[in-house]
file target.txt (compact mmCIF, C-alpha atoms)
# COMPACT_ATOMS: atom_id res chain seq x y z
CA MET A 28 95.03 -149.41 93.20
CA ALA A 29 98.56 -148.34 92.36
CA PRO A 30 100.39 -150.88 90.24
CA LEU A 31 102.99 -153.11 91.85
CA LEU A 32 105.48 -152.08 89.22
CA ALA A 33 105.29 -149.05 86.98
CA LEU A 34 107.79 -148.09 84.33
CA ARG A 35 107.17 -144.55 83.09
CA ASN A 36 108.80 -143.33 79.87
CA VAL A 37 111.91 -145.35 80.54
CA SER A 38 114.81 -144.99 78.10
CA LYS A 39 118.17 -146.71 78.07
CA THR A 40 121.05 -146.46 75.63
CA PHE A 41 124.16 -148.58 75.69
CA THR A 42 127.30 -147.12 74.20
CA ARG A 43 130.13 -149.31 73.07
CA GLY A 44 132.96 -147.36 71.49
CA LEU A 45 131.46 -145.10 68.85
CA ARG A 46 128.34 -147.17 68.49
CA SER A 47 125.41 -146.52 70.71
CA THR A 48 122.27 -148.60 70.72
CA VAL A 49 118.94 -147.40 71.96
CA VAL A 50 117.70 -150.45 73.82
CA LEU A 51 114.62 -148.93 75.43
CA ASP A 52 112.94 -145.90 73.91
CA ASP A 53 110.26 -144.26 76.05
CA VAL A 54 108.92 -147.52 77.45
CA SER A 55 105.96 -147.55 79.84
CA LEU A 56 104.58 -150.65 81.49
CA ASP A 57 102.42 -151.49 84.52
CA VAL A 58 102.29 -154.76 86.41
CA ARG A 59 99.44 -155.03 88.89
CA ARG A 60 98.73 -157.60 91.57
CA GLY A 61 97.61 -160.86 89.98
CA ASP A 62 98.93 -159.81 86.58
CA PHE A 63 100.83 -162.35 84.53
CA VAL A 64 102.64 -160.23 81.96
CA GLY A 65 104.76 -161.64 79.15
CA VAL A 66 107.30 -159.51 77.30
CA LEU A 67 107.79 -160.98 73.86
CA ALA A 68 110.83 -159.88 71.86
CA GLY A 69 113.35 -161.07 69.32
CA ARG A 70 116.96 -161.62 70.19
CA ARG A 71 118.92 -158.66 71.54
CA GLN A 72 115.86 -156.48 71.74
CA GLY A 73 116.37 -155.47 75.35
CA LYS A 74 114.30 -158.06 77.24
CA SER A 75 116.89 -158.56 79.96
CA THR A 76 117.64 -154.85 80.18
CA LEU A 77 113.95 -154.17 80.71
CA LEU A 78 113.77 -156.71 83.54
CA GLU A 79 116.98 -155.53 85.17
CA ILE A 80 115.57 -152.01 85.19
CA ALA A 81 112.25 -153.32 86.51
CA VAL A 82 113.93 -154.91 89.55
CA GLY A 83 116.20 -151.95 90.20
CA MET A 84 119.46 -153.64 89.26
CA LEU A 85 120.01 -151.21 86.44
CA LEU A 86 119.00 -147.56 86.32
CA PRO A 87 117.39 -146.04 83.24
CA ASP A 88 118.92 -143.00 81.51
CA SER A 89 115.58 -141.28 81.88
CA GLY A 90 112.10 -142.12 83.09
CA ASP A 91 110.75 -143.47 86.35
CA VAL A 92 110.65 -146.93 87.87
CA VAL A 93 108.09 -147.23 90.64
CA ILE A 94 107.78 -150.39 92.72
CA ASP A 95 104.88 -150.49 95.18
CA GLY A 96 104.64 -146.73 95.03
CA VAL A 97 108.34 -146.18 95.66
CA ALA A 98 110.49 -144.52 93.01
CA VAL A 99 113.41 -146.89 92.60
CA ASN A 100 115.64 -144.56 90.66
CA MET A 101 115.71 -142.09 93.53
CA MET A 102 117.09 -144.68 95.93
CA THR A 103 120.65 -145.55 96.86
CA LYS A 104 122.02 -148.84 95.61
CA ARG A 105 121.84 -150.23 99.13
CA ASP A 106 118.16 -149.40 99.40
CA ARG A 107 117.48 -150.88 96.02
CA ASP A 108 119.23 -154.09 97.01
CA ARG A 109 117.17 -154.21 100.18
CA LEU A 110 113.95 -153.63 98.26
CA ARG A 111 114.87 -156.39 95.85
CA ARG A 112 115.50 -158.78 98.70
CA SER A 113 112.27 -158.01 100.48
CA GLY A 114 109.71 -157.76 97.74
CA ILE A 115 110.99 -159.03 94.42
CA GLY A 116 111.87 -162.50 93.25
CA PHE A 117 114.20 -162.42 90.27
CA VAL A 118 115.06 -165.58 88.37
CA ARG A 119 117.33 -165.71 85.38
CA GLY A 120 116.78 -168.83 83.35
CA ARG A 121 120.36 -169.07 82.15
CA ALA A 122 121.99 -168.38 85.48
CA ALA A 123 119.65 -170.81 87.18
CA ALA A 124 120.80 -173.52 84.84
CA ALA A 125 124.47 -172.84 85.61
CA VAL A 126 126.13 -175.62 87.54
CA GLN A 127 125.84 -175.24 91.29
CA THR A 128 126.41 -177.74 94.02
CA GLY A 129 124.88 -178.42 97.39
CA ARG A 130 121.66 -179.84 98.69
CA VAL A 131 118.53 -178.48 97.03
CA LEU A 132 116.70 -177.90 100.31
CA ASP A 133 119.57 -175.85 101.74
CA HIS A 134 119.92 -173.89 98.54
CA VAL A 135 116.29 -172.79 98.83
CA ALA A 136 116.55 -172.21 102.59
CA LEU A 137 119.70 -170.08 102.41
CA PRO A 138 118.10 -166.70 101.59
CA LEU A 139 115.57 -167.26 104.40
CA LEU A 140 118.43 -167.83 106.84
CA SER A 141 120.05 -164.61 105.78
CA ASP A 142 116.71 -162.90 106.39
CA GLY A 143 116.89 -164.07 110.01
CA ALA A 144 114.88 -167.30 110.06
CA THR A 145 116.08 -170.21 112.20
CA LEU A 146 117.47 -173.24 110.40
CA ARG A 147 114.35 -175.20 111.27
CA GLN A 148 111.98 -172.49 110.02
CA ALA A 149 113.99 -171.93 106.87
CA ARG A 150 114.07 -175.63 106.01
CA ARG A 151 110.37 -176.05 106.64
CA ALA A 152 109.52 -173.07 104.42
CA ALA A 153 111.93 -174.31 101.78
CA ALA A 154 110.34 -177.76 101.78
CA GLU A 155 106.87 -176.23 101.41
CA THR A 156 107.92 -174.06 98.50
CA LEU A 157 109.69 -176.96 96.80
CA ALA A 158 106.49 -178.99 97.07
CA ARG A 159 104.55 -176.10 95.61
CA VAL A 160 106.74 -176.01 92.49
CA GLY A 161 106.66 -179.78 92.14
CA ALA A 162 110.25 -180.29 93.25
CA ALA A 163 109.64 -182.16 96.51
CA ASP A 164 111.02 -185.39 95.04
CA TYR A 165 114.52 -184.05 94.79
CA ALA A 166 114.64 -181.77 97.84
CA TYR A 167 117.47 -183.90 99.25
CA ALA A 168 119.34 -184.33 95.98
CA ASP A 169 122.45 -182.42 95.02
CA LEU A 170 121.95 -179.52 92.59
CA ARG A 171 124.60 -180.98 90.29
CA HIS A 172 122.48 -184.01 89.63
CA LEU A 173 119.38 -182.16 88.48
CA SER A 174 118.21 -181.72 84.94
CA GLU A 175 117.85 -178.27 83.48
CA SER A 176 114.13 -178.08 84.14
CA GLU A 177 114.59 -179.36 87.70
CA GLN A 178 117.20 -176.68 88.33
CA LEU A 179 114.80 -174.08 87.05
CA ARG A 180 112.12 -175.26 89.45
CA VAL A 181 114.60 -175.02 92.30
CA ALA A 182 115.57 -171.49 91.24
CA LEU A 183 111.88 -170.59 91.18
CA ALA A 184 111.42 -172.09 94.63
CA GLN A 185 114.38 -170.13 95.94
CA ALA A 186 112.95 -166.89 94.62
CA TYR A 187 109.44 -167.73 95.76
CA ALA A 188 110.30 -168.92 99.26
CA ARG A 189 110.57 -165.29 100.42
CA SER A 190 106.97 -164.62 99.31
CA PRO A 191 107.78 -161.83 96.87
CA ARG A 192 105.01 -159.50 95.71
CA LEU A 193 106.62 -159.30 92.31
CA LEU A 194 108.18 -162.26 90.56
CA VAL A 195 110.38 -161.48 87.57
CA VAL A 196 111.59 -164.31 85.39
CA ASP A 197 114.04 -163.78 82.57
CA GLU A 198 114.04 -166.33 79.76
CA LEU A 199 113.14 -169.06 82.17
CA THR A 200 111.22 -170.99 79.63
CA ASP A 201 113.30 -170.67 76.50
CA THR A 202 115.61 -173.58 77.09
CA LEU A 203 112.88 -176.04 78.03
CA ASP A 204 110.95 -178.32 75.77
CA LEU A 205 107.34 -177.47 75.09
CA GLU A 206 105.83 -179.69 77.76
CA GLU A 207 108.17 -178.62 80.56
CA ARG A 208 107.70 -175.02 79.55
CA ASN A 209 103.95 -175.42 79.62
CA THR A 210 104.11 -176.84 83.13
CA ILE A 211 106.28 -173.98 84.41
CA LEU A 212 103.94 -171.46 82.80
CA GLY A 213 101.04 -173.12 84.58
CA LEU A 214 102.92 -172.75 87.84
CA LEU A 215 103.54 -169.05 87.24
CA GLN A 216 99.92 -168.58 86.28
CA ARG A 217 98.86 -170.05 89.61
CA PHE A 218 101.26 -167.79 91.52
CA ALA A 219 99.57 -164.82 89.84
CA GLN A 220 96.01 -166.08 90.23
CA ASP A 221 96.12 -167.72 93.65
CA ASP A 222 98.66 -165.58 95.47
CA GLU A 223 97.95 -162.28 93.70
CA VAL A 224 101.62 -161.94 92.91
CA GLY A 225 102.58 -159.77 89.95
CA VAL A 226 104.49 -161.98 87.51
CA LEU A 227 106.63 -160.55 84.72
CA ILE A 228 108.38 -162.85 82.27
CA THR A 229 110.21 -162.61 78.97
CA ALA A 230 110.04 -164.94 75.99
CA SER A 231 111.42 -164.94 72.49
CA ASP A 232 108.54 -166.87 71.01
CA PRO A 233 104.85 -166.78 71.79
CA ASN A 234 104.71 -170.34 73.08
CA GLY A 235 106.57 -168.91 76.04
CA THR A 236 103.74 -166.52 76.86
CA ALA A 237 100.89 -169.05 76.88
CA GLY A 238 98.74 -168.43 79.92
CA CYS A 239 99.82 -164.79 80.34
CA ASN A 240 96.90 -162.45 80.87
CA ARG A 241 98.84 -159.70 79.12
CA VAL A 242 101.45 -159.79 76.40
CA VAL A 243 103.55 -156.84 75.28
CA TYR A 244 106.11 -156.75 72.50
CA LEU A 245 109.51 -155.15 72.57
CA SER A 246 111.05 -154.33 69.22
CA ALA A 247 113.66 -151.75 68.19
CA GLY A 248 113.46 -150.19 71.65
CA ARG A 249 109.72 -149.62 71.49
CA LEU A 250 107.22 -151.44 73.62
CA ARG A 251 103.98 -152.31 71.89
CA ASP A 252 101.24 -152.87 74.42
CA PRO A 253 97.92 -153.69 72.73
CA GLU A 254 96.00 -152.92 75.89
CA ARG A 255 97.49 -149.45 76.13
CA ASP A 256 98.09 -148.66 72.47
CA LEU A 257 94.83 -149.87 71.00
CA ALA A 258 92.50 -148.53 73.64
CA GLN A 259 94.57 -145.36 73.99
CA ARG A 260 93.06 -144.89 77.37
CA LEU A 261 94.63 -142.06 79.23
CA ASP A 262 92.30 -142.28 82.18
CA SER A 263 94.31 -144.80 84.19
CA PRO A 264 96.44 -142.77 86.57
CA PRO A 265 100.16 -143.56 86.79
CA GLY A 266 101.47 -145.11 89.99
CA ASP A 267 101.94 -142.66 92.80
CA VAL A 268 105.54 -141.57 92.79
CA VAL A 269 106.97 -141.15 96.27
CA PRO A 270 110.48 -139.76 95.99
CA LEU A 271 112.80 -141.01 98.68
CA ARG A 272 115.53 -139.12 100.41
CA ARG A 273 118.87 -140.86 100.24
CA ASP A 274 118.75 -142.48 103.65
CA ASP A 275 115.10 -143.33 103.90
CA ASP A 276 114.34 -146.89 104.77
CA ALA A 277 112.62 -148.33 101.74
CA GLY A 278 112.81 -151.92 102.81
CA THR A 279 109.22 -152.00 103.93
CA ALA A 280 107.84 -150.25 100.86
CA MET B 11 86.04 -171.97 49.04
CA PRO B 12 86.98 -174.25 51.93
CA ILE B 13 84.67 -172.61 54.55
CA LYS B 14 81.73 -173.96 52.56
CA HIS B 15 83.10 -177.47 53.00
CA ALA B 16 83.69 -176.95 56.71
CA VAL B 17 80.07 -175.83 57.15
CA LEU B 18 78.94 -178.84 55.12
CA GLY B 19 81.04 -181.04 57.41
CA LEU B 20 79.26 -179.64 60.46
CA LEU B 21 75.92 -180.42 58.82
CA VAL B 22 77.05 -183.97 58.11
CA GLU B 23 77.73 -184.36 61.84
CA ARG B 24 74.25 -183.07 62.67
CA ARG B 25 71.82 -180.56 61.28
CA GLY B 26 71.90 -176.97 62.46
CA TYR B 27 70.97 -173.35 61.83
CA GLY B 28 73.18 -170.40 60.89
CA PHE B 29 74.10 -168.97 64.26
CA GLU B 30 74.50 -172.38 65.86
CA LEU B 31 76.76 -173.53 63.03
CA ALA B 32 78.89 -170.39 63.33
CA THR B 33 79.29 -171.05 67.06
CA ARG B 34 80.19 -174.69 66.48
CA LEU B 35 82.73 -173.72 63.84
CA ARG B 36 84.32 -171.19 66.18
CA GLU B 37 84.63 -173.80 68.92
CA ARG B 38 86.25 -176.26 66.58
CA LEU B 39 88.70 -173.78 65.09
CA GLY B 40 89.72 -172.42 68.46
CA THR B 41 90.83 -168.87 69.16
CA GLY B 42 92.66 -166.99 66.50
CA LEU B 43 91.22 -168.68 63.44
CA SER B 44 88.01 -166.78 63.25
CA VAL B 45 85.36 -166.98 60.57
CA PRO B 46 82.77 -164.18 60.51
CA ASN B 47 79.17 -165.32 61.05
CA GLY B 48 78.24 -163.76 57.71
CA THR B 49 80.54 -166.17 55.90
CA VAL B 50 78.69 -169.09 57.43
CA TYR B 51 75.31 -167.70 56.27
CA THR B 52 76.72 -167.14 52.77
CA SER B 53 78.10 -170.68 52.73
CA LEU B 54 74.69 -172.08 53.70
CA ARG B 55 73.04 -170.25 50.83
CA THR B 56 75.68 -171.49 48.38
CA LEU B 57 75.37 -175.05 49.67
CA GLU B 58 71.60 -174.87 49.24
CA SER B 59 71.74 -173.51 45.71
CA ASP B 60 74.38 -176.12 44.79
CA GLY B 61 72.03 -178.85 45.99
CA LEU B 62 74.45 -179.94 48.75
CA ALA B 63 72.21 -178.87 51.63
CA GLN B 64 68.49 -178.42 52.12
CA VAL B 65 66.11 -176.91 54.63
CA ALA B 66 65.18 -179.53 57.24
CA LYS B 67 62.68 -177.47 59.21
CA ARG B 68 61.77 -173.94 60.16
CA VAL B 69 61.21 -173.02 63.77
CA VAL B 70 59.57 -169.69 64.50
CA ARG B 71 60.15 -168.35 67.96
CA GLY B 72 58.77 -164.87 68.48
CA ARG B 73 60.08 -162.70 65.70
CA GLN B 74 63.01 -165.01 65.08
CA GLU B 75 62.95 -167.77 62.53
CA ARG B 76 65.50 -170.54 62.76
CA ILE B 77 66.07 -172.41 59.55
CA TYR B 78 67.61 -175.82 60.20
CA PHE B 79 69.69 -177.23 57.37
CA GLU B 80 70.69 -180.79 56.66
CA PRO B 81 72.99 -182.20 53.99
CA THR B 82 71.61 -183.87 50.86
CA ASP B 83 73.06 -187.20 49.74
CA ALA B 84 75.14 -185.28 47.20
CA GLY B 85 76.29 -183.04 50.07
CA VAL B 86 77.49 -185.98 52.14
CA ARG B 87 79.39 -187.31 49.13
CA ALA B 88 80.88 -183.88 48.37
CA PHE B 89 82.12 -183.55 51.95
CA GLU B 90 83.71 -187.00 51.99
CA GLN B 91 85.36 -186.27 48.66
CA TRP B 92 86.72 -182.95 49.93
CA MET B 93 88.15 -184.56 53.07
CA ASP B 94 89.96 -187.18 50.97
CA GLU B 95 91.37 -184.69 48.47
CA PRO B 96 95.11 -184.01 48.65
CA MET B 97 96.01 -180.61 50.14
CA SER B 98 98.63 -178.01 49.40
CA ARG B 99 100.15 -175.33 51.57
CA GLU B 100 98.88 -171.78 51.28
CA PRO B 101 101.14 -169.66 49.08
CA LEU B 102 102.55 -166.37 50.43
CA ARG B 103 100.97 -163.86 48.16
CA GLY B 104 99.05 -161.55 50.44
CA ASP B 105 98.90 -157.78 50.09
CA LEU B 106 101.54 -157.48 52.77
CA PHE B 107 104.25 -159.18 50.77
CA LEU B 108 103.34 -157.86 47.34
CA LYS B 109 103.18 -154.21 48.40
CA PHE B 110 106.49 -154.47 50.21
CA ALA B 111 108.08 -156.05 47.17
CA LEU B 112 106.92 -153.21 44.93
CA LEU B 113 107.51 -150.17 47.14
CA ASP B 114 109.58 -147.13 46.26
CA GLU B 115 110.52 -144.01 48.27
CA ARG B 116 107.19 -142.29 47.73
CA HIS B 117 105.37 -145.05 49.55
CA LEU B 118 107.68 -145.30 52.52
CA PRO B 119 105.80 -143.24 55.14
CA ALA B 120 102.39 -144.74 54.38
CA LEU B 121 103.78 -148.25 54.29
CA ARG B 122 105.72 -147.74 57.51
CA GLU B 123 102.57 -146.58 59.24
CA ALA B 124 100.65 -149.55 57.88
CA PHE B 125 103.33 -151.93 59.12
CA GLU B 126 103.32 -150.31 62.54
CA ARG B 127 99.60 -150.90 62.74
CA LEU B 128 100.05 -154.49 61.58
CA GLU B 129 102.71 -155.07 64.21
CA LEU B 130 100.33 -153.94 66.91
CA GLU B 131 97.53 -156.07 65.48
CA CYS B 132 99.75 -159.16 65.52
CA VAL B 133 100.75 -158.47 69.13
CA ALA B 134 97.11 -157.94 70.10
CA GLU B 135 96.12 -161.26 68.55
CA LEU B 136 99.03 -163.04 70.21
CA ALA B 137 98.09 -161.49 73.52
CA GLU B 138 94.52 -162.70 73.11
CA LEU B 139 95.73 -166.17 72.16
CA SER B 140 98.08 -166.31 75.14
CA ARG B 141 95.17 -165.47 77.41
CA GLN B 142 92.85 -168.03 75.87
CA ARG B 143 95.21 -170.91 75.27
CA ARG B 144 94.79 -173.81 77.58
CA LEU B 145 97.95 -174.99 79.24
CA ALA B 146 98.71 -178.69 79.02
CA GLU B 147 97.74 -179.37 82.61
CA GLN B 148 94.24 -178.01 81.95
CA LEU B 149 93.52 -180.73 79.41
CA ALA B 150 91.90 -184.04 80.19
CA ASP B 151 94.15 -187.05 79.70
CA PRO B 152 93.71 -188.67 77.22
CA VAL B 153 92.66 -185.70 75.11
CA PRO B 154 89.53 -186.19 72.98
CA LEU B 155 90.07 -185.90 69.22
CA THR B 156 88.20 -182.62 68.72
CA THR B 157 90.07 -180.95 71.62
CA ALA B 158 93.38 -182.27 70.31
CA ALA B 159 92.60 -180.92 66.84
CA THR B 160 91.74 -177.49 68.24
CA TRP B 161 94.90 -177.53 70.35
CA ALA B 162 97.06 -178.33 67.33
CA LEU B 163 95.28 -175.70 65.24
CA GLU B 164 95.86 -173.04 67.88
CA ALA B 165 99.55 -173.89 68.02
CA SER B 166 99.82 -173.41 64.27
CA VAL B 167 97.90 -170.13 64.43
CA VAL B 168 100.46 -168.94 66.98
CA ASP B 169 103.36 -169.97 64.75
CA HIS B 170 101.75 -168.28 61.80
CA LEU B 171 101.17 -165.07 63.70
CA HIS B 172 104.68 -165.12 65.06
CA ALA B 173 106.09 -165.52 61.55
CA ASP B 174 103.99 -162.55 60.42
CA LEU B 175 105.13 -160.52 63.41
CA ARG B 176 108.78 -161.29 62.70
CA PHE B 177 108.33 -160.34 59.06
CA VAL B 178 106.62 -157.08 60.04
CA SER B 179 109.27 -156.18 62.66
CA ARG B 180 112.16 -156.97 60.34
CA THR B 181 110.52 -154.96 57.58
CA LEU B 182 109.96 -152.04 59.92
CA VAL B 183 113.70 -151.88 60.57
CA VAL B 184 114.21 -151.52 56.82
CA LEU B 185 111.38 -149.04 56.34
CA ARG B 186 112.42 -146.79 59.24
CA ARG B 187 116.07 -146.72 58.23
CA ALA B 188 115.20 -146.11 54.59
CA GLU B 189 112.87 -143.31 55.57
CA SER B 190 115.44 -141.50 57.71
CA GLN B 191 118.65 -142.27 55.82
CA GLY B 192 117.70 -143.43 52.35
CA ALA B 193 119.84 -146.57 52.59
CA ILE B 194 120.34 -149.20 55.25
CA PRO B 195 123.70 -150.05 56.84
CA ARG B 196 124.53 -153.63 55.97
CA ALA B 197 125.13 -154.51 59.60
CA ALA B 198 121.67 -153.23 60.55
CA LEU B 199 120.03 -155.33 57.87
CA ILE B 200 121.85 -158.46 58.98
CA GLU B 201 121.15 -157.75 62.62
CA SER B 202 117.44 -157.37 61.94
CA SER B 203 117.43 -160.72 60.17
CA VAL B 204 119.07 -162.38 63.14
CA ALA B 205 116.92 -160.65 65.75
CA PHE B 206 113.67 -161.64 64.11
CA SER B 207 114.58 -165.02 62.69
CA ALA B 208 112.99 -168.21 63.91
CA ASN B 209 113.97 -168.95 67.46
CA LEU B 210 117.20 -170.90 67.68
CA SER B 211 118.14 -170.10 71.24
CA GLY B 212 117.01 -167.19 73.34
call {"tool": "encode", "arguments": {"input": "target.txt", "output": "structure tokens"}}
result
Amino acid sequence: MAPLLALRNVSKTFTRGLRSTVVLDDVSLDVRRGDFVGVLAGRRQGKSTLLEIAVGMLLPDSGDVVIDGVAVNMMTKRDRDRLRRSGIGFVRGRAAAAVQTGRVLDHVALPLLSDGATLRQARRAAAETLARVGAADYAYADLRHLSESEQLRVALAQAYARSPRLLVVDELTDTLDLEERNTILGLLQRFAQDDEVGVLITASDPNGTAGCNRVVYLSAGRLRDPERDLAQRLDSPPGDVVPLRRDDDAGTA
Amino acid sequence: MPIKHAVLGLLVERRGYGFELATRLRERLGTGLSVPNGTVYTSLRTLESDGLAQVAKRVVRGRQERIYFEPTDAGVRAFEQWMDEPMSREPLRGDLFLKFALLDERHLPALREAFERLELECVAELAELSRQRRLAEQLADPVPLTTAATWALEASVVDHLHADLRFVSRTLVVLRRAESQGAIPRAALIESSVAFSANLSG
């Protein structure tokens, strides 16, 4: 089975003035259905860059990004945006905690409305997802009045309401206390196990990867993957790369 | 050697044979704090020759012989005494630190390779721990003492491993730069300290 997400020899360098920093150096990573993968890394080691590349928001300087068999870096920005809407849930911990206003239920229902659902359908789906993440109690509250961890649950619900195949969560758990973090990790673990969603998260300490079935480590641009590096198995074939022409419809990929 | 006392403690709880004791010890210590079975067998022999444990019975099943041990009265006293003794923290004086402290240019490539291997080992152990660790919601409430002890031990093994991993990663920055350029830009050294310091925020 082709992986849900495959990064192949991905490199990325940021240049600021005369200084350039190699953030990702020949990084390869697979996320399969039902995988719960944690990327552990110190500060400013390229965690967010890796995730932004994985969801097609950012293009690598070299290497391939393949989502569900579709090569993302061959697509137009519009196609990438469409792919991200249809198949990928992306939650940024920090942005989720930023102050927003409005009713929680509507906040979660909004993306479904823009996908073409009726108000009734969208609200019902939103309510179900909120219950799933343990946020049913404050579905009718205003976002402003939620605690940080409650806002994170709502952000998760919003991303999850569209039934993504791949859920990518950046630093979601770093600002939470140990118990809240543990609960959210349990939730993500269930998404992976029960719904066969591929879940990819980042953490800057290993308490944030508890429950992951795979942990990789990003340091000085290099990704250390014990599963890949220690076994040195070369027999697992890379994801099938299907190059897209510019105007192909990739939304259903 | 403290393992000897831990094995004695298991015998005080109830008698047992080598393999069974090794299994029980592994369960109690949780993942990540492993003790090789051989160490348990060695401990049993030492305990016996020190008069702290004795053979309770021998059970022969097929070609296998199980030798059950039980503590002697002196053994029970020795265990209680050990549990009540004051403890100290383990000093940092492993190979890892001493070799790094004493390196010069000649040793750079070999040491860099060794540290790269150590980095991967730490990540592999952390990955295994992440897989095995029970999340809070998977625990019974209230948590029985032995489970709670294992839980707390596992958390400290994770912290320990993470500290090692940070040390190794930070050191690798130094080793790689020194290998390619001879000296390390000050900014790079400071940045590596910040990147791999204990987590303050993100």
call {"tool": "interface_residues", "arguments": {"input": "target.txt", "of": "chain B", "to": "chain A", "cutoff": "10 Å", "atoms": "all atoms listed in the file", "output": "PyMOL selection string"}}
result
chain B and resi 126-127+129-148+165+168-169+171-173+175-176+179-180+182-183+201-202+204-212
call {"tool": "residues_around", "arguments": {"input": "target.txt", "residues": "Leu31 of chain A", "least_positions_apart": "3", "cutoff": "8 Å", "atoms": "only C-alpha atoms", "output": "PyMOL selection string"}}
result
chain A and resi 57-60+93-96+192-193+225
call {"tool": "residues_around", "arguments": {"input": "target.txt", "residues": "segment 148-157 of chain A", "least_positions_apart": "5", "cutoff": "10 Å", "atoms": "all atoms listed in the file", "output": "PyMOL selection string"}}
result
chain A and resi 131-143+162-167+180-190
call {"tool": "atom_distance", "arguments": {"input": "target.txt", "atom1": "atom CA of Met93 of chain B", "atom2": "atom CA of Ile77 of chain B"}}
result
26.0 Å
call {"tool": "residues_around", "arguments": {"input": "target.txt", "residues": "Val184 of chain B", "least_positions_apart": "2", "cutoff": "12 Å", "atoms": "all atoms listed in the file", "output": "ChimeraX atom specification"}}
result
/A:247 /B:110,113,115,118-119,121-122,125,177-182,186-203
call {"tool": "atom_distance", "arguments": {"input": "target.txt", "atom1": "atom CA of Gly28 of chain B", "atom2": "atom CA of Met97 of chain B"}}
result
27.2 Å
